[in-house]
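Working notes, structure below.
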Amino acid sequence: MGKKPPLPPWLEHAALVKKKMKDRGFKMADRVQICTHCGEYAEETWSLKGGQGLGGRDICACMNCGWARSWRGQGAARLLEEPFDLIGFLGIAPRG
């Protein structure tokens with residue numbers, strides 16, 4: 001039998017990503033949407049409120065292709081990080 005090719009990190013670690021997001025206090029903010037990059041219904045939005053309801057962080061990540069973006073802060077000064085390294089942000093080490 002042949003050797004199975006390794007899965008992309010976002011598929012290999014999908015359950016771990018969701019667990020770590022919850023551990024960090026993120027909550028699902030919206031229903032699953034269509035990913036603009038791969039076209040699959042796999043894009044999840046997670047939200048973390050900042051202190052006293054100010055700021056915080058929102059992360060939108062596709063659980064199929066791994067594309068992610070993140071917003072920090074609030075109002076006009078809100079910063080967008082796109083693309084966003086969700087696996088690195090969560091400290092998930094690649095399997096060797």
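Identifiers for the structure tokens are assigned positionally: chains receive A, B, ... in sequence, residues are indexed from 1 per chain, and ligands are indexed from 1 in the order shown.
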
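Excluding Glu82 in chain A and any residue on its chain fewer than 5 positions from it, the residues at most 7 Å away by only C-alpha atoms are Ala68, Arg69 and Ser70 of chain A.
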
As a PDB file with N, CA and C atoms, in the first residue's frame, please: the residues near range 58-66 of chain A (cut-off 12 Å, only C-alpha atoms, same-chain neighbours under 5 positions excluded).
```pdb
ATOM      1  N   LEU A   7      -1.953  15.814   5.421  1.00  0.00           N
ATOM      2  CA  LEU A   7      -3.028  16.792   5.268  1.00  0.00           C
ATOM      3  C   LEU A   7      -2.471  18.199   5.474  1.00  0.00           C
ATOM      4  N   PRO A   8      -3.086  19.207   4.851  1.00  0.00           N
ATOM      5  CA  PRO A   8      -2.691  20.592   5.153  1.00  0.00           C
ATOM      6  C   PRO A   8      -2.920  20.865   6.645  1.00  0.00           C
ATOM      7  N   PRO A   9      -2.134  21.759   7.261  1.00  0.00           N
ATOM      8  CA  PRO A   9      -2.230  21.992   8.710  1.00  0.00           C
ATOM      9  C   PRO A   9      -3.632  22.346   9.191  1.00  0.00           C
ATOM     10  N   TRP A  10      -4.376  23.158   8.423  1.00  0.00           N
ATOM     11  CA  TRP A  10      -5.705  23.589   8.878  1.00  0.00           C
ATOM     12  C   TRP A  10      -6.694  22.431   8.900  1.00  0.00           C
ATOM     13  N   LEU A  11      -6.525  21.423   8.049  1.00  0.00           N
ATOM     14  CA  LEU A  11      -7.396  20.247   8.091  1.00  0.00           C
ATOM     15  C   LEU A  11      -6.938  19.265   9.163  1.00  0.00           C
ATOM     16  N   GLU A  12      -5.639  19.088   9.263  1.00  0.00           N
ATOM     17  CA  GLU A  12      -5.084  18.165  10.252  1.00  0.00           C
ATOM     18  C   GLU A  12      -5.436  18.608  11.665  1.00  0.00           C
ATOM     19  N   HIS A  13      -5.488  19.910  11.884  1.00  0.00           N
ATOM     20  CA  HIS A  13      -5.665  20.458  13.226  1.00  0.00           C
ATOM     21  C   HIS A  13      -7.027  21.126  13.428  1.00  0.00           C
ATOM     22  N   ALA A  14      -8.033  20.845  12.607  1.00  0.00           N
ATOM     23  CA  ALA A  14      -9.315  21.552  12.686  1.00  0.00           C
ATOM     24  C   ALA A  14      -9.938  21.487  14.081  1.00  0.00           C
ATOM     25  N   ALA A  15      -9.994  20.319  14.691  1.00  0.00           N
ATOM     26  CA  ALA A  15     -10.579  20.188  16.029  1.00  0.00           C
ATOM     27  C   ALA A  15      -9.725  20.923  17.065  1.00  0.00           C
ATOM     28  N   LEU A  16      -8.400  20.841  16.922  1.00  0.00           N
ATOM     29  CA  LEU A  16      -7.508  21.526  17.854  1.00  0.00           C
ATOM     30  C   LEU A  16      -7.645  23.043  17.725  1.00  0.00           C
ATOM     31  N   VAL A  17      -7.800  23.545  16.500  1.00  0.00           N
ATOM     32  CA  VAL A  17      -7.997  24.986  16.281  1.00  0.00           C
ATOM     33  C   VAL A  17      -9.235  25.453  17.039  1.00  0.00           C
ATOM     34  N   LYS A  18     -10.338  24.731  16.896  1.00  0.00           N
ATOM     35  CA  LYS A  18     -11.579  25.125  17.575  1.00  0.00           C
ATOM     36  C   LYS A  18     -11.417  25.070  19.093  1.00  0.00           C
ATOM     37  N   MET A  21      -9.243  28.025  20.200  1.00  0.00           N
ATOM     38  CA  MET A  21      -9.989  29.286  20.101  1.00  0.00           C
ATOM     39  C   MET A  21     -10.900  29.442  21.320  1.00  0.00           C
ATOM     40  N   GLY A  25     -10.919  32.122  24.847  1.00  0.00           N
ATOM     41  CA  GLY A  25     -12.072  32.983  25.122  1.00  0.00           C
ATOM     42  C   GLY A  25     -12.839  33.429  23.895  1.00  0.00           C
ATOM     43  N   PHE A  26     -12.462  32.944  22.703  1.00  0.00           N
ATOM     44  CA  PHE A  26     -13.181  33.302  21.489  1.00  0.00           C
ATOM     45  C   PHE A  26     -14.516  32.565  21.444  1.00  0.00           C
ATOM     46  N   LYS A  27     -15.518  33.212  20.871  1.00  0.00           N
ATOM     47  CA  LYS A  27     -16.826  32.604  20.683  1.00  0.00           C
ATOM     48  C   LYS A  27     -17.198  32.712  19.212  1.00  0.00           C
ATOM     49  N   MET A  28     -17.930  31.700  18.727  1.00  0.00           N
ATOM     50  CA  MET A  28     -18.411  31.753  17.341  1.00  0.00           C
ATOM     51  C   MET A  28     -19.300  32.984  17.208  1.00  0.00           C
ATOM     52  N   ALA A  29     -19.055  33.794  16.190  1.00  0.00           N
ATOM     53  CA  ALA A  29     -19.770  35.055  16.041  1.00  0.00           C
ATOM     54  C   ALA A  29     -20.811  35.020  14.936  1.00  0.00           C
ATOM     55  N   ASP A  30     -20.765  34.037  14.072  1.00  0.00           N
ATOM     56  CA  ASP A  30     -21.673  34.017  12.927  1.00  0.00           C
ATOM     57  C   ASP A  30     -21.819  32.582  12.444  1.00  0.00           C
ATOM     58  N   ARG A  31     -22.815  32.371  11.590  1.00  0.00           N
ATOM     59  CA  ARG A  31     -22.957  31.051  10.980  1.00  0.00           C
ATOM     60  C   ARG A  31     -21.811  30.826  10.014  1.00  0.00           C
ATOM     61  N   VAL A  32     -21.607  29.587   9.643  1.00  0.00           N
ATOM     62  CA  VAL A  32     -20.584  29.246   8.659  1.00  0.00           C
ATOM     63  C   VAL A  32     -20.966  29.881   7.325  1.00  0.00           C
ATOM     64  N   GLN A  33     -19.994  30.504   6.675  1.00  0.00           N
ATOM     65  CA  GLN A  33     -20.213  31.228   5.425  1.00  0.00           C
ATOM     66  C   GLN A  33     -19.442  30.571   4.285  1.00  0.00           C
ATOM     67  N   ILE A  34     -19.678  31.034   3.070  1.00  0.00           N
ATOM     68  CA  ILE A  34     -18.921  30.577   1.907  1.00  0.00           C
ATOM     69  C   ILE A  34     -17.568  31.292   1.898  1.00  0.00           C
ATOM     70  N   CYS A  35     -16.505  30.525   1.774  1.00  0.00           N
ATOM     71  CA  CYS A  35     -15.155  31.084   1.699  1.00  0.00           C
ATOM     72  C   CYS A  35     -14.967  31.741   0.334  1.00  0.00           C
ATOM     73  N   THR A  36     -14.438  32.947   0.319  1.00  0.00           N
ATOM     74  CA  THR A  36     -14.208  33.668  -0.935  1.00  0.00           C
ATOM     75  C   THR A  36     -13.026  33.099  -1.714  1.00  0.00           C
ATOM     76  N   HIS A  37     -12.191  32.278  -1.053  1.00  0.00           N
ATOM     77  CA  HIS A  37     -11.016  31.724  -1.726  1.00  0.00           C
ATOM     78  C   HIS A  37     -11.248  30.340  -2.319  1.00  0.00           C
ATOM     79  N   CYS A  38     -11.968  29.466  -1.594  1.00  0.00           N
ATOM     80  CA  CYS A  38     -12.150  28.101  -2.110  1.00  0.00           C
ATOM     81  C   CYS A  38     -13.601  27.792  -2.493  1.00  0.00           C
ATOM     82  N   GLY A  39     -14.549  28.665  -2.106  1.00  0.00           N
ATOM     83  CA  GLY A  39     -15.942  28.482  -2.489  1.00  0.00           C
ATOM     84  C   GLY A  39     -16.723  27.477  -1.663  1.00  0.00           C
ATOM     85  N   GLU A  40     -16.129  26.925  -0.607  1.00  0.00           N
ATOM     86  CA  GLU A  40     -16.805  25.940   0.243  1.00  0.00           C
ATOM     87  C   GLU A  40     -17.473  26.626   1.435  1.00  0.00           C
ATOM     88  N   TYR A  41     -18.539  26.015   1.940  1.00  0.00           N
ATOM     89  CA  TYR A  41     -19.172  26.482   3.174  1.00  0.00           C
ATOM     90  C   TYR A  41     -18.314  26.030   4.339  1.00  0.00           C
ATOM     91  N   ALA A  42     -17.270  26.763   4.637  1.00  0.00           N
ATOM     92  CA  ALA A  42     -16.346  26.346   5.696  1.00  0.00           C
ATOM     93  C   ALA A  42     -15.729  27.529   6.438  1.00  0.00           C
ATOM     94  N   GLU A  43     -16.163  28.757   6.134  1.00  0.00           N
ATOM     95  CA  GLU A  43     -15.566  29.927   6.769  1.00  0.00           C
ATOM     96  C   GLU A  43     -16.278  30.231   8.085  1.00  0.00           C
ATOM     97  N   GLU A  44     -15.522  30.227   9.166  1.00  0.00           N
ATOM     98  CA  GLU A  44     -16.049  30.496  10.496  1.00  0.00           C
ATOM     99  C   GLU A  44     -15.528  31.833  10.991  1.00  0.00           C
ATOM    100  N   THR A  45     -16.366  32.556  11.738  1.00  0.00           N
ATOM    101  CA  THR A  45     -15.972  33.820  12.337  1.00  0.00           C
ATOM    102  C   THR A  45     -15.993  33.665  13.850  1.00  0.00           C
ATOM    103  N   TRP A  46     -14.900  34.057  14.471  1.00  0.00           N
ATOM    104  CA  TRP A  46     -14.747  33.972  15.918  1.00  0.00           C
ATOM    105  C   TRP A  46     -14.509  35.372  16.460  1.00  0.00           C
ATOM    106  N   SER A  47     -15.033  35.663  17.643  1.00  0.00           N
ATOM    107  CA  SER A  47     -14.922  36.992  18.213  1.00  0.00           C
ATOM    108  C   SER A  47     -14.458  36.917  19.662  1.00  0.00           C
ATOM    109  N   LEU A  48     -13.607  37.869  20.031  1.00  0.00           N
ATOM    110  CA  LEU A  48     -13.124  38.000  21.408  1.00  0.00           C
ATOM    111  C   LEU A  48     -13.321  39.456  21.804  1.00  0.00           C
ATOM    112  N   LYS A  49     -14.090  39.688  22.844  1.00  0.00           N
ATOM    113  CA  LYS A  49     -14.339  41.053  23.314  1.00  0.00           C
ATOM    114  C   LYS A  49     -13.179  41.513  24.174  1.00  0.00           C
ATOM    115  N   GLY A  50     -12.799  42.780  23.998  1.00  0.00           N
ATOM    116  CA  GLY A  50     -11.745  43.361  24.819  1.00  0.00           C
ATOM    117  C   GLY A  50     -12.285  43.764  26.178  1.00  0.00           C
ATOM    118  N   TRP A  71      -9.144  41.072  12.596  1.00  0.00           N
ATOM    119  CA  TRP A  71      -9.312  42.496  12.881  1.00  0.00           C
ATOM    120  C   TRP A  71      -9.066  42.707  14.362  1.00  0.00           C
ATOM    121  N   ARG A  72      -8.342  43.797  14.689  1.00  0.00           N
ATOM    122  CA  ARG A  72      -8.099  44.168  16.082  1.00  0.00           C
ATOM    123  C   ARG A  72      -8.526  45.603  16.302  1.00  0.00           C
ATOM    124  N   GLY A  73      -8.954  45.890  17.521  1.00  0.00           N
ATOM    125  CA  GLY A  73      -9.342  47.243  17.874  1.00  0.00           C
ATOM    126  C   GLY A  73     -10.800  47.516  17.539  1.00  0.00           C
ATOM    127  N   GLN A  74     -11.132  48.807  17.453  1.00  0.00           N
ATOM    128  CA  GLN A  74     -12.503  49.180  17.134  1.00  0.00           C
ATOM    129  C   GLN A  74     -12.523  50.503  16.388  1.00  0.00           C
ATOM    130  N   ARG A  78      -9.406  50.451  13.532  1.00  0.00           N
ATOM    131  CA  ARG A  78      -9.406  48.977  13.503  1.00  0.00           C
ATOM    132  C   ARG A  78      -8.397  48.473  12.476  1.00  0.00           C
ATOM    133  N   LEU A  79      -7.512  47.553  12.892  1.00  0.00           N
ATOM    134  CA  LEU A  79      -6.452  47.036  12.039  1.00  0.00           C
ATOM    135  C   LEU A  79      -6.844  45.692  11.442  1.00  0.00           C
ATOM    136  N   LEU A  80      -6.622  45.538  10.143  1.00  0.00           N
ATOM    137  CA  LEU A  80      -6.886  44.281   9.448  1.00  0.00           C
ATOM    138  C   LEU A  80      -5.567  43.592   9.145  1.00  0.00           C
ATOM    139  N   GLU A  81      -5.469  42.324   9.508  1.00  0.00           N
ATOM    140  CA  GLU A  81      -4.323  41.496   9.157  1.00  0.00           C
ATOM    141  C   GLU A  81      -4.816  40.447   8.177  1.00  0.00           C
ATOM    142  N   GLU A  82      -4.374  40.548   6.935  1.00  0.00           N
ATOM    143  CA  GLU A  82      -4.798  39.597   5.902  1.00  0.00           C
ATOM    144  C   GLU A  82      -3.657  39.376   4.935  1.00  0.00           C
ATOM    145  N   PRO A  83      -3.166  38.176   4.773  1.00  0.00           N
ATOM    146  CA  PRO A  83      -3.585  36.936   5.422  1.00  0.00           C
ATOM    147  C   PRO A  83      -3.113  36.901   6.871  1.00  0.00           C
ATOM    148  N   PHE A  84      -3.754  36.058   7.666  1.00  0.00           N
ATOM    149  CA  PHE A  84      -3.467  35.917   9.087  1.00  0.00           C
ATOM    150  C   PHE A  84      -3.013  34.485   9.357  1.00  0.00           C
ATOM    151  N   ASP A  85      -1.918  34.319  10.082  1.00  0.00           N
ATOM    152  CA  ASP A  85      -1.375  32.995  10.415  1.00  0.00           C
ATOM    153  C   ASP A  85      -2.068  32.461  11.662  1.00  0.00           C
ATOM    154  N   LEU A  86      -3.229  31.816  11.470  1.00  0.00           N
ATOM    155  CA  LEU A  86      -4.013  31.308  12.592  1.00  0.00           C
ATOM    156  C   LEU A  86      -3.290  30.189  13.328  1.00  0.00           C
ATOM    157  N   ILE A  87      -2.647  29.282  12.595  1.00  0.00           N
ATOM    158  CA  ILE A  87      -1.929  28.169  13.217  1.00  0.00           C
ATOM    159  C   ILE A  87      -0.797  28.708  14.106  1.00  0.00           C
ATOM    160  N   PHE A  89      -0.634  31.819  15.407  1.00  0.00           N
ATOM    161  CA  PHE A  89      -1.277  32.590  16.464  1.00  0.00           C
ATOM    162  C   PHE A  89      -1.683  31.684  17.626  1.00  0.00           C
ATOM    163  N   LEU A  90      -2.184  30.504  17.290  1.00  0.00           N
ATOM    164  CA  LEU A  90      -2.640  29.567  18.323  1.00  0.00           C
ATOM    165  C   LEU A  90      -1.510  28.711  18.883  1.00  0.00           C
TER     166      LEU A  90
END
```

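Of the residues in chain A, those that DSSP places in alpha helix (DSSP H) on the basis of the backbone are Pro9, Trp10, Leu11, Glu12, Ala14, Ala15, Leu16, Val17, Lys18, Lys19, Lys20, Met21, Lys22, Asp23, Leu86, Ile87, Gly88 and Phe89 of chain A.
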
Run DSSP on the backbone and grab whatever in chain A lands in strand (DSSP E or B); send it over as a ChimeraX atom specification. /A:27-28,33-34,41-48,57-62,68-72,79-81

Report, in Å to a single decimal, how far apart CA of Lys20 in chain A and CA of Ile92 in chain A are. 9.0 Å
